[in-house]
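File shown: start.csv (CSV, C-alpha atoms).
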```
chain,number,residue,atom,x,y,z
A,341,MET,CA,-1.2,8.8,9.5
A,342,SER,CA,-0.1,6.3,12.0
A,343,VAL,CA,3.3,4.8,11.7
A,344,ASP,CA,2.3,1.8,13.8
A,345,GLU,CA,3.2,-1.3,11.7
A,346,THR,CA,0.3,-3.2,13.1
A,347,ALA,CA,-2.3,-0.6,12.1
A,348,PRO,CA,-4.6,-1.7,9.2
A,349,LEU,CA,-4.4,0.1,5.9
A,350,ARG,CA,-7.3,2.5,5.6
A,351,VAL,CA,-9.4,2.0,2.4
A,352,LEU,CA,-12.0,4.2,0.6
A,353,VAL,CA,-14.2,2.2,-1.9
A,354,VAL,CA,-15.7,4.1,-4.8
A,355,ASP,CA,-18.0,2.1,-7.1
A,356,ALA,CA,-21.4,3.1,-8.6
A,357,ASP,CA,-22.6,-0.5,-8.6
A,358,PRO,CA,-23.9,-1.2,-5.1
A,359,ARG,CA,-23.4,-5.0,-5.4
A,360,VAL,CA,-19.8,-4.6,-6.4
A,361,ARG,CA,-19.2,-2.1,-3.7
A,362,ALA,CA,-20.8,-4.4,-1.1
A,363,ASP,CA,-18.7,-7.4,-2.3
A,364,VAL,CA,-15.5,-5.4,-2.1
A,365,ILE,CA,-16.3,-4.1,1.4
A,366,THR,CA,-17.2,-7.6,2.6
A,367,LEU,CA,-13.9,-8.9,1.2
A,368,LEU,CA,-11.8,-6.1,2.8
A,369,ASP,CA,-13.6,-6.3,6.1
A,370,ALA,CA,-12.6,-9.9,6.5
A,371,SER,CA,-8.9,-8.9,6.7
A,372,ASP,CA,-7.1,-7.6,9.8
A,373,GLU,CA,-4.7,-5.7,7.5
A,374,LEU,CA,-7.3,-3.5,5.9
A,375,ARG,CA,-10.1,-1.3,7.2
A,376,VAL,CA,-12.8,0.3,5.0
A,377,VAL,CA,-13.1,3.9,6.3
A,378,ALA,CA,-15.8,5.0,3.8
A,379,ASP,CA,-17.5,4.1,0.6
A,380,THR,CA,-19.5,6.0,-1.9
A,381,PRO,CA,-21.0,5.6,-5.4
A,382,ASP,CA,-20.0,9.1,-6.4
A,383,PRO,CA,-16.5,10.2,-7.4
A,384,HIS,CA,-17.1,13.8,-6.4
A,385,THR,CA,-18.0,12.7,-2.9
A,386,ALA,CA,-14.9,10.5,-3.0
A,387,LEU,CA,-12.7,13.5,-3.5
A,388,THR,CA,-14.2,15.2,-0.4
A,389,LEU,CA,-13.9,12.0,1.6
A,390,ALA,CA,-10.3,11.4,0.5
A,391,GLU,CA,-9.4,15.0,1.6
A,392,ARG,CA,-11.1,14.6,4.9
A,393,LEU,CA,-10.2,11.0,5.8
A,394,ARG,CA,-6.8,10.6,4.1
A,395,PRO,CA,-7.1,6.9,3.3
A,396,ASP,CA,-4.1,4.9,2.5
A,397,ILE,CA,-5.8,3.3,-0.5
A,398,VAL,CA,-8.7,4.3,-2.8
A,399,LEU,CA,-10.4,1.6,-4.8
A,400,LEU,CA,-12.0,3.3,-7.8
A,401,ASP,CA,-14.5,1.9,-10.4
A,402,ALA,CA,-13.9,2.3,-14.1
A,403,ALA,CA,-16.6,5.0,-14.5
A,404,SER,CA,-14.6,7.2,-12.1
A,405,ALA,CA,-11.2,6.6,-13.7
A,406,ALA,CA,-10.9,10.2,-14.7
A,407,HIS,CA,-10.8,11.1,-11.0
A,408,ALA,CA,-7.6,9.1,-10.4
A,409,ARG,CA,-5.4,12.2,-10.7
A,410,PRO,CA,-6.9,14.3,-7.9
A,411,LEU,CA,-7.3,11.2,-5.7
A,412,SER,CA,-3.7,10.0,-6.2
A,413,GLY,CA,-2.4,13.2,-4.6
A,414,ALA,CA,-3.6,11.9,-1.2
A,415,SER,CA,-3.7,8.1,-1.5
A,416,ARG,CA,-2.6,5.1,-3.6
A,417,VAL,CA,-5.4,4.6,-6.1
A,418,PHE,CA,-6.2,1.2,-7.6
A,419,LEU,CA,-8.8,0.9,-10.4
A,420,LEU,CA,-11.4,-1.8,-10.1
A,421,SER,CA,-11.9,-2.7,-13.7
A,422,ALA,CA,-11.3,-5.4,-16.4
A,423,ASP,CA,-11.5,-2.7,-19.1
A,424,PRO,CA,-8.0,-2.1,-20.6
A,425,ALA,CA,-8.9,1.4,-21.8
A,426,ALA,CA,-10.1,2.5,-18.4
A,427,VAL,CA,-7.1,0.9,-16.8
A,428,GLU,CA,-4.7,2.8,-19.1
A,429,THR,CA,-6.6,6.0,-18.5
A,430,ALA,CA,-6.4,5.6,-14.7
A,431,LEU,CA,-2.7,4.6,-14.8
A,432,ARG,CA,-1.8,7.7,-16.8
A,433,ALA,CA,-3.8,9.7,-14.4
A,434,GLY,CA,-1.8,8.5,-11.4
A,435,ALA,CA,-3.3,5.2,-10.3
A,436,CYS,CA,-0.8,2.7,-8.9
A,437,GLY,CA,-2.5,-0.4,-10.4
A,438,HIS,CA,-5.7,-2.2,-11.1
A,439,LEU,CA,-7.7,-5.1,-9.8
A,440,VAL,CA,-10.5,-7.0,-11.5
A,441,PRO,CA,-13.6,-6.9,-9.3
A,442,GLY,CA,-14.6,-10.4,-8.2
A,443,SER,CA,-11.3,-11.9,-8.9
A,444,PHE,CA,-8.8,-10.3,-6.5
A,445,THR,CA,-8.0,-11.3,-2.9
A,446,VAL,CA,-6.9,-9.2,0.0
A,447,PRO,CA,-3.3,-10.5,-0.4
A,448,ASP,CA,-3.5,-9.3,-4.1
A,449,LEU,CA,-4.4,-5.8,-2.9
A,450,ILE,CA,-1.7,-5.8,-0.2
A,451,ARG,CA,0.9,-7.0,-2.7
A,452,GLY,CA,-0.2,-4.2,-5.1
A,453,VAL,CA,0.2,-1.6,-2.4
A,454,ARG,CA,3.6,-2.9,-1.4
A,455,ALA,CA,4.7,-3.0,-5.1
A,456,ALA,CA,3.5,0.5,-5.6
A,457,SER,CA,5.5,1.6,-2.5
A,458,ARG,CA,8.6,-0.2,-3.7
A,459,THR,CA,8.7,1.3,-7.2
A,460,THR,CA,8.9,4.8,-5.7
A,461,LEU,CA,11.4,3.9,-2.9
A,462,GLY,CA,14.4,2.8,-5.0
A,463,LEU,CA,15.5,-0.3,-3.2
A,464,SER,CA,17.4,-3.0,-4.8
A,465,ALA,CA,16.0,-6.5,-5.1
A,466,ARG,CA,18.0,-7.8,-2.1
A,467,GLU,CA,17.1,-4.7,-0.1
A,468,SER,CA,13.4,-5.3,-0.9
A,469,GLU,CA,13.7,-8.9,0.2
A,470,VAL,CA,15.3,-7.7,3.5
A,471,MET,CA,12.7,-5.0,3.9
A,472,ASP,CA,9.9,-7.6,3.4
A,473,LEU,CA,11.3,-9.6,6.2
A,474,ILE,CA,11.7,-6.6,8.5
A,475,ALA,CA,8.1,-5.8,7.8
A,476,THR,CA,7.1,-9.2,9.1
A,477,GLY,CA,8.8,-8.5,12.4
A,478,ARG,CA,12.0,-10.5,11.9
A,479,SER,CA,15.2,-9.5,13.7
A,480,ASN,CA,18.5,-9.0,11.9
A,481,GLY,CA,19.6,-12.4,13.1
A,482,GLU,CA,16.5,-14.1,11.8
A,483,ILE,CA,16.8,-12.4,8.5
A,484,ALA,CA,20.5,-13.5,8.3
A,485,ARG,CA,19.6,-17.1,8.9
A,486,GLN,CA,16.7,-17.1,6.5
A,487,LEU,CA,18.7,-15.5,3.6
A,488,PHE,CA,21.9,-17.3,4.4
A,489,LEU,CA,23.8,-14.1,5.1
A,490,SER,CA,25.9,-12.8,8.0
A,491,GLU,CA,24.3,-10.5,10.5
A,492,LYS,CA,26.8,-7.8,9.5
A,493,THR,CA,25.7,-8.1,5.9
A,494,VAL,CA,22.0,-7.8,7.0
A,495,LYS,CA,22.9,-4.8,9.2
A,496,ASN,CA,24.6,-3.1,6.2
A,497,HIS,CA,21.5,-3.7,4.1
A,498,VAL,CA,19.3,-2.3,6.8
A,499,ASN,CA,21.5,0.8,7.0
A,500,ARG,CA,21.3,1.3,3.3
A,501,ILE,CA,17.5,0.8,3.4
A,502,TYR,CA,17.2,3.4,6.1
A,503,ALA,CA,19.3,5.9,4.2
A,504,LYS,CA,17.4,5.3,0.9
A,505,LEU,CA,14.0,5.7,2.7
A,506,GLY,CA,15.2,8.6,4.8
A,507,VAL,CA,14.2,7.1,8.1
A,508,SER,CA,15.9,6.3,11.4
A,509,SER,CA,13.5,3.7,12.9
A,510,ARG,CA,12.3,0.3,12.1
A,511,ALA,CA,8.7,1.3,12.7
A,512,THR,CA,8.8,4.2,10.3
A,513,ALA,CA,10.5,2.1,7.6
A,514,ILE,CA,7.8,-0.6,8.0
A,515,ALA,CA,5.1,2.0,7.8
A,516,LEU,CA,6.5,3.5,4.7
A,517,TRP,CA,7.1,0.0,3.2
A,518,ARG,CA,3.5,-1.0,3.9
A,519,GLY,CA,2.2,2.1,2.3
A,520,MET,CA,0.9,3.6,5.5
A,521,VAL,CA,2.7,6.8,5.1
A,522,SER,CA,3.6,8.5,1.8
A,523,VAL,CA,5.3,11.7,3.0
A,524,LEU,CA,7.5,11.6,6.0
A,525,PRO,CA,8.4,14.6,8.1
A,526,ALA,CA,11.8,16.1,7.8
A,527,GLN,CA,13.1,14.1,10.8
A,528,ASP,CA,11.8,11.0,12.6
```
Please re-express this file's structure in structure tokens.
Amino acid sequence: MSVDETAPLRVLVVDADPRVRADVITLLDASDELRVVADTPDPHTALTLAERLRPDIVLLDAASAAHARPLSGASRVFLLSADPAAVETALRAGACGHLVPGSFTVPDLIRGVRAASRTTLGLSARESEVMDLIATGRSNGEIARQLFLSEKTVKNHVNRIYAKLGVSSRATAIALWRGMVSVLPAQD
């Protein structure tokens, strides 16, 4: 996967209902931050596509919730359902979260991906706040001014963030934060 912080997140949409699938694709295609790389009504085909395409996100319908476990090995899986039982099943099987079809926005999905990344990265609330600003392209000086901190304090936060994430570059930290990479090589 690319570590370019400007690259859109790649999405695989899996939904048996062609209207829901088309609506979701239309919503996602309107964003510069997401790109639908494939869609399918069939969860078995989704497994093959996920292995081949390695999307960053898989949006999975409730009927396919049982397939969340194998799909979550390669991507962040979000269930498209309002059914609490299906949501619980998918979350137990490795899904990162859920979205209700027809009522989520692209920013909701992006927030979900970022939240899923954060929970596995172990950053403090302040470090998460700093990392959010880094991911928007702000310099240490700009971050310091926005958070009313000294530049040295921001630099200390950045160093701790890099250590916790196991990265040595801003681009790789941003890619990891945005959910664009889930497993990093041994060295940057």
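In this model, the gap between atom CA of A:Val364 and atom CA of A:Ala422 comes to 14.9 Å.
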Using all atoms listed in the file, find each residue in stretch 434-515 of chain A having at least one atom no more than 12 Å away from stretch 359-363 of chain A; report its shortest atom-to-atom pair and that distance in Å (one decimal), rows by chain then rising number, as a tab-separated table.
```
residue	atom	partner	partner_atom	distance
A:Val440	CA	A:Val360	CA	10.9
A:Pro441	CA	A:Val360	CA	7.2
A:Gly442	CA	A:Asp363	CA	7.8
A:Ser443	CA	A:Asp363	CA	10.9
A:Phe444	CA	A:Asp363	CA	11.1
A:Thr445	CA	A:Asp363	CA	11.4
```
**Q.** Polymer residues at most 6 Å from stretch 391-399 of chain A, only C-alpha atoms, same-chain spacing of 6 or more positions, as a list of chain:residue names
**A.** A:Leu349, A:Arg350, A:Val351, A:Leu352, A:Val353, A:Val354, A:Ser415, A:Arg416, A:Val417, A:Phe418, A:Leu419, A:Met520
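Here atom CA of A:Ser468 and atom CA of A:Lys492 stand 17.1 Å from one another.
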Q | Point-to-point distance in Å for atom CA of A:Ala503 and atom CA of A:Ala414 | A | 24.3 Å
Could you list, as a PDB file with C-alpha atoms, in the frame of the given file, every residue within 12 Å of A:Asn496, counting all atoms listed in the file and ignoring same-chain residues fewer than 4 positions away?
```pdb
ATOM      1  CA  ARG A 466      18.000  -7.800  -2.100  1.00  0.00           C
ATOM      2  CA  GLU A 467      17.100  -4.700  -0.100  1.00  0.00           C
ATOM      3  CA  VAL A 470      15.300  -7.700   3.500  1.00  0.00           C
ATOM      4  CA  ASN A 480      18.500  -9.000  11.900  1.00  0.00           C
ATOM      5  CA  ALA A 484      20.500 -13.500   8.300  1.00  0.00           C
ATOM      6  CA  LEU A 489      23.800 -14.100   5.100  1.00  0.00           C
ATOM      7  CA  SER A 490      25.900 -12.800   8.000  1.00  0.00           C
ATOM      8  CA  GLU A 491      24.300 -10.500  10.500  1.00  0.00           C
ATOM      9  CA  LYS A 492      26.800  -7.800   9.500  1.00  0.00           C
ATOM     10  CA  ARG A 500      21.300   1.300   3.300  1.00  0.00           C
ATOM     11  CA  ILE A 501      17.500   0.800   3.400  1.00  0.00           C
ATOM     12  CA  TYR A 502      17.200   3.400   6.100  1.00  0.00           C
ATOM     13  CA  ALA A 503      19.300   5.900   4.200  1.00  0.00           C
TER      14      ALA A 503
END
```
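Minimum atom-to-atom distances from A:Ala475, A:Leu461, A:Leu449, A:Ala402 to A:Ala426 were compared using all atoms listed in the file, and the lowest value belongs to A:Ala402.
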Q) Using all atoms listed in the file, which residues sit within 12 Å of A:Ala425 once same-chain residues fewer than 2 positions away are excluded, as number ranges by chain? A) A: 402-403, 405-406, 419, 421-423, 427-432, 438
I'd like the contact shell of A:Ser371 - 10 Å cut-off, all atoms listed in the file, skipping same-chain residues fewer than 2 positions apart - returned as a PDB file with C-alpha atoms, keeping the file's coordinate frame.
```
ATOM      1  CA  PRO A 348      -4.600  -1.700   9.200  1.00  0.00           C
ATOM      2  CA  THR A 366     -17.200  -7.600   2.600  1.00  0.00           C
ATOM      3  CA  LEU A 367     -13.900  -8.900   1.200  1.00  0.00           C
ATOM      4  CA  LEU A 368     -11.800  -6.100   2.800  1.00  0.00           C
ATOM      5  CA  ASP A 369     -13.600  -6.300   6.100  1.00  0.00           C
ATOM      6  CA  GLU A 373      -4.700  -5.700   7.500  1.00  0.00           C
ATOM      7  CA  LEU A 374      -7.300  -3.500   5.900  1.00  0.00           C
ATOM      8  CA  ARG A 375     -10.100  -1.300   7.200  1.00  0.00           C
ATOM      9  CA  THR A 445      -8.000 -11.300  -2.900  1.00  0.00           C
ATOM     10  CA  VAL A 446      -6.900  -9.200   0.000  1.00  0.00           C
ATOM     11  CA  PRO A 447      -3.300 -10.500  -0.400  1.00  0.00           C
TER      12      PRO A 447
END
```
Q: Using only C-alpha atoms, find the one residue out of A:Leu516, A:Leu439, A:Ala370, A:Val377 that sits nearest to A:Leu400.
A: A:Leu439
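Distances from A:Ala433, A:Ile514, A:Val453, A:Leu505 to A:Leu473 were compared using all atoms listed in the file, and the smallest one belongs to A:Ile514.
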